[in-house]
Structure formats: structure tokens, C-alpha cells
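**Student:** Below: one structure in C-alpha cells.
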Amino acid sequence: MAMTEPNYAFIDSRRLPGPNRYFGDSAVTLTPRGEASRNPTALQSWAHHVRDMTRALEWPDPQPLIERHAAGVSLVFRAPQDVLLTATEVSEWAWERAAAECGETGFDLAHPSLPLTLFAGRAALERSAALVALRSAAAARGLPVFEDDEAISIGAGSGSHTWRRDEMPAVTAVDWAALHDIPIALVTGSNGKTTTVRLLAALAAASGLRPGLCSTEGVFVDGQTVLEGDFSGPDGARTVLRHRLVQAAILETARGGILRRGLAVRRAAAAIVTNIRADHFGEYGVDDTLALATTKLAVAHAVCDGGTLVLNADDQVLMAAAAGLPHVAASRVALFADAEDRPSLVALRARGGSTCAVHDDRLVLHEGGRDHILGALADMPLTAAGAAPYNVGNIAAAVLAAVAMGLPIEPMTATLLRFGANPLDNPGRLERWRHGGALVLMDYAHNPDALDRLLTTARAMHPRRLFLLLGQAGNRGDDAIADLARTAARFSPDRVVIKELPLMLRGRESGDVSARLAAALQSAGFPAACLALIPDEEEASRSLLAAAGPGDVVVLPVHTRAVRVRLRALFAP
């Protein structure tokens, strides 16, 4: 007899252990389903049941939120960190009860009747007296605590110790004198995160500290690879923060991790938001740039108490979102921009704040009431002799975060004049190589804005011919895929080769994304005769390289790390 899958009243029920889009503390979130999810009475009833049950459990005010978005609704409430599993069950029970009260009968009840005594018993089992005592003792000593389902750490980096959850020590057994905090920076935004993280790590190293960083490329400590892959979420952050060699932690903090689990840290010396661009819409209730900005500004929760929030003053969406958030208002803010006479920067300097911006083609840091000239932009390799102005913002953001982390200003200039000269200083991000007389730009360029910036840089190099590799992951919407193609067409490349990304189909059929890219290119007026479809990413790249000659620029947005490594063997610096 065939088994049928249960039809529950909710799609997803998750814990948010760290500061998140909604609260500066832990929370739980539920995505309901069925007709009741569109019923305002049912939604308000869920909130009512949550309040009643959490009050009976003597938990703090849950502040339940009902967030409507294009895909439906999200139900969120604050819950104590040590009873989050029980809190998810409270949320599920409250929703099932509310939906049933409104006549919804088309689902299997996962929690048909869970009385207060059962919830209280589950919370008591979940709550660990030993962990509560350790958290309290760490807080009294000003030490951070990092937790996951398997382990708990006290202290950070070189001043940390980690225990398995089933082997937690008594407070008196901890060598508290050996534990301490380290400078921590969070880096988020739509584009430029990885470049900024790497530069900030180089600035930390130049000041004599051993940096640890996590990013979409992996985890790296003191320049050595610890893990490869996308570690831009909480797991990557904890890996860095538990590494005993790390003296400064720089953590790329991607949108997905914030939405799925919240931040890994509750306190940081600095947090950067590089910019906000349209990307990943339709996931986890984020439908527009304002919602995306609000999500990324969750990092401000970590710097409310003594840290610095570094923002891009030229990004109007980001600044508008920041102006409406209390946790941003409670933070010390530093601003960067492409010109130091921006009114917001002038006003901030008048209040004694820190800025980093361009004046007379030089980068100037204003800190402590003084101007510090960091060098000419054209002399900084990350700007590609001025052809990549978007990297100026990444440089300025890294400088402000470095100051917030307590790093000295003096060694910065030498680092800025060096970093990026070697393509492997910043692998996968504006790597510049030579091949048969052609200039090759290899980059990640994963969304329309990033591709626009990359192709603007390529055109600034006045190529004889411009060749482009084009591809996209399957988790973008049809409009976003078409927008990537339209962006490419605006730069009138002489040849485009479309690739497949079989490891990034993410629910789409093989060939679907490449067909949509080709159709959008031709709709934008790109000639079919200059277009080729070569599914294999490496073969597609090699075909463009084989056709290139002196004076050409070949733009290769390569998304597979192994392919980048093999292609580098063909190039000369």
C-alpha cells in the first residue's frame, strides 16, 4: 500500500538563533499554507494564541509579527534562545489551532492538542542549566558565546575554547583567564563582499594580526585554506571564530544565512553594508530592494553596543532603509562615498564621525578630526588603474571597518598600493591575465549589476573586440535571467558564448536558463550570428580564448572554482 506524505498546515518552521531581520535576539518563523494563510482572522488568532501560551510559559513578550509578501505570509515571534525548539512547536500549534478555528480541515494535524503542561515539560528538557550558567558566567566576563546544535564556544579565535554540548564543563572548571575576545567584522551587501573581506583581512595582517575569514569561496586562516566552498553563513563564521590561530575575524555575511538562521555573532567591532542591488527576489519573503536592505541591515544589531556600522552613502535604497530602523539609529555610523563633499558625509564629519571618500582622485580617510590621505586611486591595483571605480567603495568600506577594529592607519597605504597587483590576491574577482596578446578579465559577476560593472571596466580598457561568457544560476526568476542578458547586450560585445551551470540548476531543467538567455539577447537586438551555446563552462571559456587576439578583451564570469583553477594554467600575469 502506497504511503502518502502528510499535508501539514505549514510549509516551513525554523529557528533563528541569532539576531535577524526582525529582532535583535533569537526568534522562530513559520510559513503557513492553505486558505487560512490568506485569512486575516486566522493570522490574528495565531498571534493571540502565541501571546497566551508564551505568557503562560512565563517567556518574555514574543512580539508576534505577521509579514505579508508576494509568496504568502511569514509568522515570526521572539523566543528565548534556550527553548527555540519548543518555540517552533508553540508556533506550529498556534497556527494549526487558528486555522482549524477558521474552518480549515484540509491538512493533517501535527500538533492536535498540546496543553501547557506538555510545552512546559518540553521547554524544561530543552533548557540546559549548565549552559545557562556558562552563558551567564561568560557575559559577566564580557566574553562571546557561539553555539550550534553540536558544540558551544566561549571566547573567540585565539582566545576561544569549544566543548561538545554533551560535555559542557561546570563554570568552575573553565580556565577563564585563557579566554578572550578578538576584533570581529561582518561584511554584507549585494556586490563586493568577498573583495572587501579579503582586503580587510590583508589590512589586519599588515597590522601584525593573524586574520581568519569566511566567504562564498571558503574559510581561510592566515592566508591558508581551511575549507573550500560557500561558507558565507553562520557555519563558516563559527568555523573562523573557533580557530585557535585567528586574532581578527572577518566574516562575509550573506543574505541567505541571515534569513535562514540569523547572525552567528551578537557583538562585532564593525559591520559593513556595501550596497543593495536587485537579486534573489522571491526567496524568504524578500520581494524588493527595500526588503533586501532591511535584511542586510540586520548586521546593525551586532554593533549597537560600541561597534561601528559602515554604510554606502551613495546607495539611496540602503540609506532610506537605514533611516527607518531603530537598531541602525542606535549604532555609531561611518560613511563612505565616491566624493567627500556629499552632504551626508559633511554632516557626519561635523558631528565628529568617520568618513572615507574621494577628493582630487585620492582616497581620504577622516578619522578623529583629521584627514589621512591614503593614496591616489590610480595607484591602487583594485581600481585597475581607474577602470574599476566600483572597487573604490570596497576599499573605503574596508578602511573604515579596519579603523573600527582598532587597526593602525599607518600600514594601510602600503597595503592599498599592493593588494590586487597579483591576480591571486583576490581570486575570482576582477582577475586580470594575458593570453595570446588579449587581456582576460575573470570574475564572479553573478547578477546584472555586477555584470554591468565588469563590462564597464572592460569597455574602459578600449578593446579591439569584446568577448563575453554568459551564464546564470537557476534560482533567479525569469525576469532576472532576461535582465542579465539585456545588460550584456547593452555593451555590444562582438561575441557571446552561453554556458550551462549544471551544479546550479536549482530546480530548473537543463538548458532552460541558457535558452532564456539566448532568447533575451536576441530580443535585445544581439545578432544570432555572434552567439554560441556551449554548455560546458570550461569548454565555453576556452572557445573564447582561442578566438581572441592582440587588443581583445575576454570577459569570463566563471562560477566554478575548479574551472577557474584550470584556466589560470593557460594565462600569463
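By order of appearance in the C-alpha cells: chains A, B, ..., then residues from 1 within every chain, and ligands from 1 in the order shown.
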Hey, what's within 12 Å of A:Ala133 if we count only C-alpha atoms and toss same-chain stuff fewer than 3 positions away? As a PyMOL selection string, please?

**Tutor:** chain A and resi 82+127-130+136-140+145+168-172+174

**Student:** Quick one: residues within 8 Å of A:Phe146, only C-alpha atoms, excluding same-chain residues fewer than 3 positions away - as JSON, numbers by chain?

**Tutor:** {"A": [152, 153, 154, 238, 264, 265]}

**Student:** May I have the selected residues written with N, CA and C atoms, as a tab-separated table (two decimals), in the first residue's frame?

**Tutor:**
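Below is the file selection_29.tsv, written as the result:
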chain	number	residue	atom	x	y	z
A	152	ILE	N	29.44	24.26	21.78
A	152	ILE	CA	29.38	25.61	22.34
A	152	ILE	C	30.80	26.11	22.52
A	153	SER	N	31.03	27.39	22.18
A	153	SER	CA	32.34	28.01	22.35
A	153	SER	C	32.21	29.23	23.23
A	154	ILE	N	33.24	29.48	24.02
A	154	ILE	CA	33.34	30.72	24.78
A	154	ILE	C	34.65	31.40	24.38
A	238	ARG	N	31.28	30.56	12.48
A	238	ARG	CA	31.69	29.83	13.69
A	238	ARG	C	33.00	29.09	13.48
A	264	ALA	N	25.55	34.87	13.21
A	264	ALA	CA	26.30	33.97	14.10
A	264	ALA	C	26.83	34.70	15.31
A	265	VAL	N	26.95	36.03	15.23
A	265	VAL	CA	27.55	36.81	16.32
A	265	VAL	C	26.54	37.84	16.83

**Student:** Between atom CA of A:Asp536 and atom CA of A:Ala482, measure the distance and give it in Å to one decimal.

**Tutor:**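 Distance between the two atoms: 20.6 Å.
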
**Student:** Figure out the distance between atom CA of A:Val76 and atom CA of A:Tyr22, please, to one decimal in Å.

**Tutor:**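 These two atoms are separated by 7.9 Å.
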
**Student:** Considering only C-alpha atoms, return as a ChimeraX atom specification whatever protein or nucleic-acid residues lie within 12 Å of stretch 43-59 of chain A, sequence-local ones (same chain, fewer than 3 positions apart) excluded.

**Tutor:** /A:28,30-40,62-68,72-84,86-102,114-124

**Student:** List every residue of stretch 51-119 of chain A that DSSP, applied to the backbone of this structure, places in alpha helix (DSSP H), and write the result as a list in words.

**Tutor:**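 Alpha helix (DSSP H) members of stretch 51-119 of chain A, listed: Arg51, Asp52, Met53, Thr54, Arg55, Ala56, Leu84, Leu85, Thr86, Ala87, Thr88, Glu89, Val90, Ser91, Glu92, Trp93, Ala94, Trp95, Glu96, Arg97, Ala98, Ala99, Ala100, Glu101, Leu116, Thr117, Leu118 and Phe119 of chain A.
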
**Student:** Could you save those same residues with C-alpha atoms as an mmCIF file, in the first residue's frame?

**Tutor:**
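What follows is the written file out-v7.cif:
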data_model
loop_
_atom_site.group_PDB
_atom_site.id
_atom_site.type_symbol
_atom_site.label_atom_id
_atom_site.label_comp_id
_atom_site.auth_asym_id
_atom_site.auth_seq_id
_atom_site.Cartn_x
_atom_site.Cartn_y
_atom_site.Cartn_z
ATOM 1 C CA ARG A 51 0.831 35.521 23.244
ATOM 2 C CA ASP A 52 -1.370 33.448 25.524
ATOM 3 C CA MET A 53 0.885 30.389 25.507
ATOM 4 C CA THR A 54 4.165 32.266 25.948
ATOM 5 C CA ARG A 55 2.632 34.273 28.794
ATOM 6 C CA ALA A 56 1.596 31.037 30.479
ATOM 7 C CA LEU A 84 13.798 27.570 20.449
ATOM 8 C CA LEU A 85 12.785 24.012 19.572
ATOM 9 C CA THR A 86 9.845 24.269 21.929
ATOM 10 C CA ALA A 87 9.062 27.705 20.498
ATOM 11 C CA THR A 88 8.769 26.275 16.969
ATOM 12 C CA GLU A 89 6.215 23.791 18.302
ATOM 13 C CA VAL A 90 4.313 26.573 20.035
ATOM 14 C CA SER A 91 4.191 28.447 16.720
ATOM 15 C CA GLU A 92 3.021 25.363 14.823
ATOM 16 C CA TRP A 93 0.375 24.533 17.436
ATOM 17 C CA ALA A 94 -0.880 28.124 17.456
ATOM 18 C CA TRP A 95 -1.216 28.168 13.687
ATOM 19 C CA GLU A 96 -2.953 24.792 13.450
ATOM 20 C CA ARG A 97 -5.395 25.851 16.135
ATOM 21 C CA ALA A 98 -6.048 29.208 14.442
ATOM 22 C CA ALA A 99 -6.524 27.582 11.031
ATOM 23 C CA ALA A 100 -8.911 24.973 12.431
ATOM 24 C CA GLU A 101 -10.933 27.679 14.168
ATOM 25 C CA LEU A 116 0.521 23.960 28.641
ATOM 26 C CA THR A 117 1.962 21.199 30.820
ATOM 27 C CA LEU A 118 3.400 19.405 27.789
ATOM 28 C CA PHE A 119 5.012 22.565 26.409
#

**Student:** Using atom CA of A:Pro326 and atom CA of A:Val310 as the two end points, give the distance in Å to one decimal.

**Tutor:**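 For atom CA of A:Pro326 relative to atom CA of A:Val310, the distance reads 15.9 Å.
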
**Student:** Go through stretch 248-321 of chain A and collect every residue that DSSP, computed from the backbone, puts in strand (DSSP E); the answer should be as a list in words.

**Tutor:**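 Of stretch 248-321 of chain A, only Ala248, Ala249, Ile250, Leu251, Glu252, Ala270, Ala271, Ile272, Val273, Thr308, Leu309, Val310, Leu311 and Asn312 of chain A fall in strand (DSSP E).
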
**Student:** Export C-alpha atoms of the chosen residues as a PDB file, in the first residue's frame?

**Tutor:**
ATOM      1  CA  ALA A 248      40.976  39.033  13.847  1.00  0.00           C
ATOM      2  CA  ALA A 249      37.813  37.626  12.239  1.00  0.00           C
ATOM      3  CA  ILE A 250      36.339  38.991   9.015  1.00  0.00           C
ATOM      4  CA  LEU A 251      33.050  37.315   8.171  1.00  0.00           C
ATOM      5  CA  GLU A 252      31.208  37.543   4.862  1.00  0.00           C
ATOM      6  CA  ALA A 270      32.400  46.670  12.703  1.00  0.00           C
ATOM      7  CA  ALA A 271      29.720  45.748  10.199  1.00  0.00           C
ATOM      8  CA  ILE A 272      29.713  46.812   6.534  1.00  0.00           C
ATOM      9  CA  VAL A 273      26.835  47.015   4.060  1.00  0.00           C
ATOM     10  CA  THR A 308      30.603  50.873  14.055  1.00  0.00           C
ATOM     11  CA  LEU A 309      28.172  50.374  11.180  1.00  0.00           C
ATOM     12  CA  VAL A 310      29.811  51.238   7.837  1.00  0.00           C
ATOM     13  CA  LEU A 311      27.337  52.287   5.135  1.00  0.00           C
ATOM     14  CA  ASN A 312      27.486  53.304   1.483  1.00  0.00           C
TER      15      ASN A 312
END

**Student:** Select, from A:Gly159, A:Pro448, A:Gly369, A:Pro381, the residue with the minimum atom-to-atom distance to A:Asn426, counting only C-alpha atoms.

**Tutor:**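 So, comparing all the options, the nearest one is A:Pro381.
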
**Student:** Write out as a PyMOL selection string which residues come within 12 Å of A:Ala185 when counting only C-alpha atoms, dropping same-chain ones fewer than 4 positions away.

**Tutor:** chain A and resi 193+196-198+200-201+204+211-214+237+240-241+247-253+264-273+299-300+302-303+307-310+397-407

**Student:** Any idea what's packed within 9 Å of stretch 553-566 of chain A, counting only C-alpha atoms, ignoring anything in its chain fewer than 2 positions away? Could you give it as a PDB file with C-alpha atoms, in the first residue's frame?

**Tutor:**
ATOM      1  CA  GLU A 217      34.902  30.862  -1.560  1.00  0.00           C
ATOM      2  CA  GLY A 229      33.015  26.091  -0.729  1.00  0.00           C
ATOM      3  CA  PRO A 427      40.758  35.148  -6.869  1.00  0.00           C
ATOM      4  CA  GLY A 428      37.563  35.123  -8.867  1.00  0.00           C
ATOM      5  CA  ALA A 438      44.453  39.534 -25.288  1.00  0.00           C
ATOM      6  CA  LEU A 439      43.507  40.818 -21.849  1.00  0.00           C
ATOM      7  CA  VAL A 440      41.381  38.378 -19.825  1.00  0.00           C
ATOM      8  CA  LEU A 441      39.107  39.525 -17.011  1.00  0.00           C
ATOM      9  CA  MET A 442      37.933  36.636 -14.850  1.00  0.00           C
ATOM     10  CA  ASP A 443      35.275  37.447 -12.283  1.00  0.00           C
ATOM     11  CA  TYR A 444      32.242  36.008 -10.474  1.00  0.00           C
ATOM     12  CA  ALA A 445      29.733  38.663 -11.741  1.00  0.00           C
ATOM     13  CA  HIS A 446      26.630  36.776 -10.640  1.00  0.00           C
ATOM     14  CA  LEU A 451      27.980  42.241 -14.847  1.00  0.00           C
ATOM     15  CA  LEU A 454      32.538  44.281 -15.055  1.00  0.00           C
ATOM     16  CA  LEU A 455      31.647  45.200 -18.625  1.00  0.00           C
ATOM     17  CA  ALA A 458      36.189  46.089 -19.863  1.00  0.00           C
ATOM     18  CA  ARG A 459      34.980  48.896 -22.123  1.00  0.00           C
ATOM     19  CA  MET A 461      40.135  49.345 -21.465  1.00  0.00           C
ATOM     20  CA  HIS A 462      39.210  50.221 -25.106  1.00  0.00           C
ATOM     21  CA  PRO A 463      39.246  46.705 -26.528  1.00  0.00           C
ATOM     22  CA  ARG A 464      39.633  45.984 -30.228  1.00  0.00           C
ATOM     23  CA  ARG A 465      36.937  43.339 -29.727  1.00  0.00           C
ATOM     24  CA  LEU A 466      34.959  42.377 -26.630  1.00  0.00           C
ATOM     25  CA  PHE A 467      34.167  38.700 -25.971  1.00  0.00           C
ATOM     26  CA  LEU A 468      31.837  37.554 -23.196  1.00  0.00           C
ATOM     27  CA  LEU A 469      30.995  34.315 -21.404  1.00  0.00           C
ATOM     28  CA  LEU A 470      27.429  34.344 -20.049  1.00  0.00           C
ATOM     29  CA  GLY A 471      25.538  32.074 -17.661  1.00  0.00           C
ATOM     30  CA  GLN A 472      23.235  32.207 -14.660  1.00  0.00           C
ATOM     31  CA  LEU A 501      25.796  25.610 -14.777  1.00  0.00           C
ATOM     32  CA  LEU A 503      25.532  22.301 -10.359  1.00  0.00           C
ATOM     33  CA  GLU A 537      31.809  26.155 -18.702  1.00  0.00           C
ATOM     34  CA  GLU A 538      35.463  25.345 -19.315  1.00  0.00           C
ATOM     35  CA  SER A 541      35.748  29.737 -21.878  1.00  0.00           C
ATOM     36  CA  LEU A 544      36.508  32.472 -26.458  1.00  0.00           C
ATOM     37  CA  LEU A 545      40.195  32.429 -25.564  1.00  0.00           C
ATOM     38  CA  ALA A 548      40.870  36.189 -29.109  1.00  0.00           C
ATOM     39  CA  GLY A 549      43.902  38.060 -30.324  1.00  0.00           C
ATOM     40  CA  PRO A 550      46.028  41.127 -29.525  1.00  0.00           C
ATOM     41  CA  GLY A 551      43.964  44.073 -28.333  1.00  0.00           C
ATOM     42  CA  ARG A 568      44.698  30.046 -14.797  1.00  0.00           C
ATOM     43  CA  ALA A 569      47.226  27.491 -16.032  1.00  0.00           C
ATOM     44  CA  LEU A 570      46.739  28.980 -19.511  1.00  0.00           C
TER      45      LEU A 570
END

**Student:** Return the single residue from A:Asp230, A:Asp305, A:Asp288, A:Asp361 that is closest to A:Val317, with distances computed using only C-alpha atoms.

**Tutor:**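 Answer, going by the shortest atom-to-atom distance: A:Asp288.
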
**Student:** Can you pull out every residue within 8 Å of A:Lys296, counting only C-alpha atoms, but drop anything in the same chain fewer than 4 positions away, and send it as number ranges by chain?

**Tutor:** A: 21, 188-189, 254-255, 258, 273, 292

**Student:** Convert the current residue selection to file output with N, CA and C atoms, as a PDB file, in the first residue's frame.

**Tutor:**
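Output below, filename selection.pdb:
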ATOM      1  N   ARG A  21      16.518  39.591  10.729  1.00  0.00           N
ATOM      2  CA  ARG A  21      15.821  40.658  10.023  1.00  0.00           C
ATOM      3  C   ARG A  21      14.741  41.311  10.888  1.00  0.00           C
ATOM      4  N   THR A 188      28.424  42.517   4.577  1.00  0.00           N
ATOM      5  CA  THR A 188      27.291  42.079   3.784  1.00  0.00           C
ATOM      6  C   THR A 188      27.030  43.104   2.690  1.00  0.00           C
ATOM      7  N   GLY A 189      26.004  42.856   1.867  1.00  0.00           N
ATOM      8  CA  GLY A 189      25.701  43.701   0.724  1.00  0.00           C
ATOM      9  C   GLY A 189      25.417  42.820  -0.476  1.00  0.00           C
ATOM     10  N   ALA A 254      26.137  36.539   4.197  1.00  0.00           N
ATOM     11  CA  ALA A 254      25.241  36.572   3.044  1.00  0.00           C
ATOM     12  C   ALA A 254      23.782  36.641   3.475  1.00  0.00           C
ATOM     13  N   ARG A 255      22.973  37.102   2.538  1.00  0.00           N
ATOM     14  CA  ARG A 255      21.532  37.237   2.739  1.00  0.00           C
ATOM     15  C   ARG A 255      20.890  35.933   3.183  1.00  0.00           C
ATOM     16  N   ILE A 258      21.391  35.039   6.870  1.00  0.00           N
ATOM     17  CA  ILE A 258      20.618  35.927   7.750  1.00  0.00           C
ATOM     18  C   ILE A 258      19.160  35.496   7.781  1.00  0.00           C
ATOM     19  N   VAL A 273      27.799  47.323   5.119  1.00  0.00           N
ATOM     20  CA  VAL A 273      26.835  47.015   4.060  1.00  0.00           C
ATOM     21  C   VAL A 273      27.345  47.720   2.810  1.00  0.00           C
ATOM     22  N   LEU A 292      15.240  43.786   0.935  1.00  0.00           N
ATOM     23  CA  LEU A 292      16.591  43.242   0.913  1.00  0.00           C
ATOM     24  C   LEU A 292      17.520  44.080   1.789  1.00  0.00           C
TER      25      LEU A 292
END

**Student:** Which residue out of A:His359, A:Arg351, A:Arg370, A:Arg429 has the minimum interatomic distance to A:Leu382 when only C-alpha atoms are used?

**Tutor:**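 For A:Leu382, the nearest of the candidates is A:Arg429.
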
**Student:** Just checking: using only C-alpha atoms, which residue out of A:Thr294, A:Asn447, A:Ser13, A:Asn275 ends up closest to A:Gln316?

**Tutor:** A:Asn275

**Student:** Near stretch 532-535 of chain A, counting only C-alpha atoms, which residues have an atom at most 12 Å away, once you skip same-chain residues fewer than 2 positions from it, shown as a PyMOL selection string?

**Tutor:** chain A and resi 467-472+494-502+510-519+521-522+526-530+537-544

**Student:** Output C-alpha atoms for every residue in that selection, as a tab-separated table (two decimals), in the first residue's frame.

**Tutor:**
chain	number	residue	atom	x	y	z
A	467	PHE	CA	34.17	38.70	-25.97
A	468	LEU	CA	31.84	37.55	-23.20
A	469	LEU	CA	30.99	34.31	-21.40
A	470	LEU	CA	27.43	34.34	-20.05
A	471	GLY	CA	25.54	32.07	-17.66
A	472	GLN	CA	23.23	32.21	-14.66
A	494	ASP	CA	31.46	41.13	-30.50
A	495	ARG	CA	30.87	37.55	-29.42
A	496	VAL	CA	28.89	35.88	-26.62
A	497	VAL	CA	29.12	32.24	-25.58
A	498	ILE	CA	26.38	30.99	-23.27
A	499	LYS	CA	27.28	28.24	-20.81
A	500	GLU	CA	25.34	25.89	-18.54
A	501	LEU	CA	25.80	25.61	-14.78
A	502	PRO	CA	24.70	22.01	-14.06
A	510	SER	CA	18.90	21.55	-18.02
A	511	GLY	CA	19.03	24.01	-20.91
A	512	ASP	CA	16.23	26.24	-19.61
A	513	VAL	CA	18.43	29.08	-18.35
A	514	SER	CA	20.71	29.10	-21.41
A	515	ALA	CA	17.68	29.14	-23.75
A	516	ARG	CA	16.19	32.09	-21.88
A	517	LEU	CA	19.49	33.97	-22.01
A	518	ALA	CA	19.77	33.40	-25.76
A	519	ALA	CA	16.20	34.50	-26.39
A	521	LEU	CA	19.86	38.56	-26.04
A	522	GLN	CA	18.25	38.30	-29.45
A	526	PHE	CA	22.08	40.98	-30.32
A	527	PRO	CA	22.84	39.19	-33.62
A	528	ALA	CA	22.36	35.42	-33.59
A	529	ALA	CA	25.47	35.02	-35.76
A	530	CYS	CA	27.63	36.31	-32.89
A	537	GLU	CA	31.81	26.16	-18.70
A	538	GLU	CA	35.46	25.35	-19.32
A	539	GLU	CA	34.96	24.48	-22.99
A	540	ALA	CA	32.95	27.68	-23.46
A	541	SER	CA	35.75	29.74	-21.88
A	542	ARG	CA	38.42	28.07	-23.97
A	543	SER	CA	36.48	28.74	-27.17
A	544	LEU	CA	36.51	32.47	-26.46

**Student:** Considering only C-alpha atoms, state which residue in the set A:Arg14, A:Arg141, A:Arg490, A:Arg476 is at the smallest distance from A:Glu283.

**Tutor:**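 Distance minimum relative to A:Glu283 lands on A:Arg476.
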
**Student:** When you count only C-alpha atoms, which of these residues is closest to A:Gly375: A:Ser492, A:Ala414, A:Glu340, A:Ala387?

**Tutor:** A:Ala414
